[in-house]
Number of protein chains: 2
Amino acid sequence: MTDPRLDALRQAAPALRLKTDPADLEHYGRDWTRRWTPAPLAIALPGNVEEVQAVVRWANQQGVAIVPSGGRTGLSGGAVAANGELVLSLERMNQALAFDPVDRTLTVQAGMPLEAVHNGAREHGLQYPVDFAARGSCSIGGNIATNAGGIRVIRYGNTREWIAGLKVVAGTGDVLDLNRGLIKNSSGYDLRQLLIGSEGTLGIVVEATLRLTDPPPPSNVMLLALPSFEVLMQVFAAFRQRLQLEAFEFFTDVALKHVLAHGAQKPFDEIHPFYVVAEFASGDEATEAAAMAAFEHGMEQGWIVDGVISQSGAQAAQLWRLREGITESLARYKPYKNDVSVRISAMPAFLAETQQLLSEAYPHFEVVWFGHIGDGNLHINVLKPDDVADADFIAACEQVTKLLADCLRRHGGSISAEHGIGLVKKPYLGSTRSDAEVALMRGVKHVFDPNGVLNPGKLFDP
Amino acid sequence: MTDPRLDALRQAAPALRLKTDPADLEHYGRDWTRRWTPAPLAIALPGNVEEVQAVVRWANQQGVAIVPSGGRTGLSGGAVAANGELVLSLERMNQALAFDPVDRTLTVQAGMPLEAVHNGAREHGLQYPVDFAARGSCSIGGNIATNAGGIRVIRYGNTREWIAGLKVVAGTGDVLDLNRGLIKNSSGYDLRQLLIGSEGTLGIVVEATLRLTDPPPPSNVMLLALPSFEVLMQVFAAFRQRLQLEAFEFFTDVALKHVLAHGAQKPFDEIHPFYVVAEFASGDEATEAAAMAAFEHGMEQGWIVDGVISQSGAQAAQLWRLREGITESLARYKPYKNDVSVRISAMPAFLAETQQLLSEAYPHFEVVWFGHIGDGNLHINVLKPDDVADADFIAACEQVTKLLADCLRRHGGSISAEHGIGLVKKPYLGSTRSDAEVALMRGVKHVFDPNGVLNPGKLFDP
């Protein structure tokens, strides 16, 4: 006996691939948050835009909620299906559709993994520059749905900057072909921009036309050891002034400890409280001299206590692993994650206040800091001790997040820099967006999705 | 005897400056289109955000329409008040509010002229890179309302890229402080992006936090003479491949004739059918060699028939005048303006079709072409003969615009690249945006402006 709603779906889209096996329901019903028990109705795996449209129309008729699903690497619960929703996975729609050398654009289906996009651009001698550690698993559609940031934002901006065209199926069932790769188009509201970062609550991204750029310049990677948090912004300013930074990432001794335990190689004999991985365009003597000048200035000022510069691509990768391996090395501790941002200029005051707050609030939990300091983006990972129950741990962390949210409100920051709001940050949206903004967002949601079938309960309650 | 609605406004905002003098009504009621007879109720010149808010609340109570007003240099009638609207001019709110050297942002009031923004950035050793000929008269708020493009888009993008924060008074009367200068902020719909380019129909821009960048590199300007339209894209490709283009603009012999008649200096002895002004980063021998290589390649191929390169800043300005002086030189002919765009890759086919179309459709009118070829943006100016009545001329041009709109639809282009839709392009919006998109735009409009008080009749009919 099958669910009559699924029978209706099979009738509406006879060729649609559907999965209802318990293992599939579990696999497709969760994301990397792993906090909710997956309980979807079924998994739909459309093969084309028409099937996506048929699913959305069916959902409106039957009153079934849809959870759009990419690589499910999200950290805010945006792709969780725990309430009998239909998961609509884009994983079969993962092909490149067109490359245009004159426009320098690559048009892809939404399910294409970010890494495949990188490779596709490289095949044409160009670059798609948004990048982060989940590149192998996440999908470009999911990147667009959260306006993903990552490790190159300081140089190339967020996903938003690279979307020249967007094809979506709106909650109304309409297929929208937004902006179509135009550079200049002042013809009313830019709905493409509204869709980017909307977490699958307004429409389902089915295709995107990505702007590509020149391949990255030759670069060098430097690892710096810092004596304290307070000097971090000074080191950043000294390097930004002298070099074209491609990345500027920091992490703490605690983060390093976990990465080393996970197999990475120790960079210095001594342990230092703070580290920076800086990547900068290089390749000529002037740049190398500028990098040395920045380093020496930092040493003289006492802001930097040790450093190493990559002598090869292999060594650069080794240094990057110290930063990029953090998330994986923490996974077994089920970390509670904060992903917050403030203006760069507000960083020093915000950091001081946050450090104080967390050291008082989390006396028993290990806290791992890292982040994209040049974007004003801080990741705070709280590790669950083995002897504390999941629910108790999360409840304790949520108390601290309330305090952190107050702090963010005072500093004009954001409760979600790049992970999105989803389910996890929903209670704190008010720290970042005013009541009037949230009311307008709800109104916009109702316009795009009048029956509330797209990812209900994410971002805000229905 | 005054209008009771104005009495109510004076009561709601006692310090608000109001003008009702006929000369003021005419001055503030029109923009550069000069097609409609100004007939506003009155002109309000608020001095602060609170007064703007009071005006919007009053408009909602009294059912009076508001036309937000910047420099009124618009070419689509977006700032026209011809139906008893209250013009809300931002011209008194024209101050810089804050500069932050760490964030590299300049926060300004909406009424600040673009040129004052340029100067403000330069004072701090930085650059606000959006630029176009109306810089002295247009306001930054108006630039944001139309997502203004201009002559540097090829290098720096449109206004949208440079807006780190936006303070607006929505049609609901709410003050929204959007994004507040954050680099990363994934906390729900980016309403800032929705407001940019919304032509005053969703909210009134009152302040903006602008991202600044490094000052422009030293550059050279080249004027090229081309034998035909067909080679334009080849010349563009040859230069883009070899140089960092800061601008790449084209115009025709007819455009040149008008600029010369307006006092500019003749660049070559002979008259050629097409011209390009190319500006590129230079300052070292390698770049100069690359520029020469591009030029010589073009000569060898027969794509370029003559050329001159600036030897001084003064000569660069002289070459630029040939392009930037066009609009002014045409003003007395009351030109009917098209401002269209397609993907760069679609340019050749679109150009061929459009040339054919216009040569057939406009046998009696002089047509002046120029534009930003590197952005896929073409300006087509049709000049009114002195012996044809305004209304007849416009009616004839509208017939051709219908054909042009069909052509744009086929090529996936836009009926407004950078001027906005306003009143002038309203009948053709459907060539660029689907019915579903327009329906969603109307829905969004209703959310932000439920009583329809903000710039009604612009973009689409109420």
# chains A, B, ... in the order shown; residues from 1 in each chain; ligands from 1
call {"tool": "interface_residues", "arguments": {"of": "chain A", "to": "chain B", "cutoff": "7 Å", "atoms": "only C-alpha atoms", "output": "ChimeraX atom specification"}}
result
/A:102-103,146-147,174,176,180-190,193-194,197-198,341-345,375,412,414,416-421,429,436-437,440-441,443-444,447-448,459
call {"tool": "select_by_dssp", "arguments": {"residues": "region 299-418 of chain B", "states": "helix (DSSP H, G or I)", "output": "MDAnalysis selection string"}}
result
chainID B and resid 299:301 313:324 326:333 344:361 373:375 390:411
call {"tool": "residues_around", "arguments": {"residues": "region 388-402 of chain A", "least_positions_apart": "5", "cutoff": "10 Å", "atoms": "only C-alpha atoms", "output": "count of residues only"}}
result
22
call {"tool": "atom_distance", "arguments": {"atom1": "CA of Ala133 (chain B)", "atom2": "CA of Phe99 (chain B)"}}
result
25.3 Å
call {"tool": "residues_around", "arguments": {"residues": "Glu50 (chain A)", "least_positions_apart": "4", "cutoff": "10 Å", "atoms": "only C-alpha atoms", "output": "list in words"}}
result
Ala13, Pro46, Ala54, Val55, Val56, Val169 and Val175 of chain A
call {"tool": "write_last_selection", "arguments": {"atoms": "C-alpha atoms", "output": "compact mmCIF listing (two decimals), in the first residue's frame"}}
result
# COMPACT_ATOMS: atom_id res chain seq x y z
CA ALA A 13 5.05 12.75 -13.58
CA PRO A 46 13.83 14.73 -11.17
CA ALA A 54 5.44 18.93 -12.01
CA VAL A 55 6.53 18.18 -8.45
CA VAL A 56 5.94 21.77 -7.34
CA VAL A 169 10.90 26.96 -10.31
CA VAL A 175 9.63 28.58 -14.28
call {"tool": "closest_residue", "arguments": {"among": "B:Gly111, B:Pro456, B:Gly325, B:Pro348", "to": "Leu256 (chain B)", "atoms": "only C-alpha atoms"}}
result
B:Gly325
call {"tool": "residues_around", "arguments": {"residues": "Val52 (chain A)", "least_positions_apart": "4", "cutoff": "10 Å", "atoms": "only C-alpha atoms", "output": "number ranges by chain"}}
result
A: 13, 16, 44-48, 56-58, 88-90, 168-169, 173, 175, 204-206
call {"tool": "select_by_dssp", "arguments": {"residues": "region 80-319 of chain A", "states": "strand (DSSP E or B)", "output": "PyMOL selection string"}}
result
chain A and resi 86-89+96-100+105-109+113+127+139+163-170+175-178+203-211+213+219-226+245-252+274-281+306-309
call {"tool": "closest_residue", "arguments": {"among": "B:Tyr275, B:Phe251, B:Trp369, B:Trp32", "to": "Gly78 (chain B)", "atoms": "only C-alpha atoms"}}
result
B:Trp32
call {"tool": "residues_around", "arguments": {"residues": "Ala289 (chain B)", "least_positions_apart": "6", "cutoff": "10 Å", "atoms": "only C-alpha atoms", "output": "list in words"}}
result
Arg242, Ser282 and Phe295 of chain B
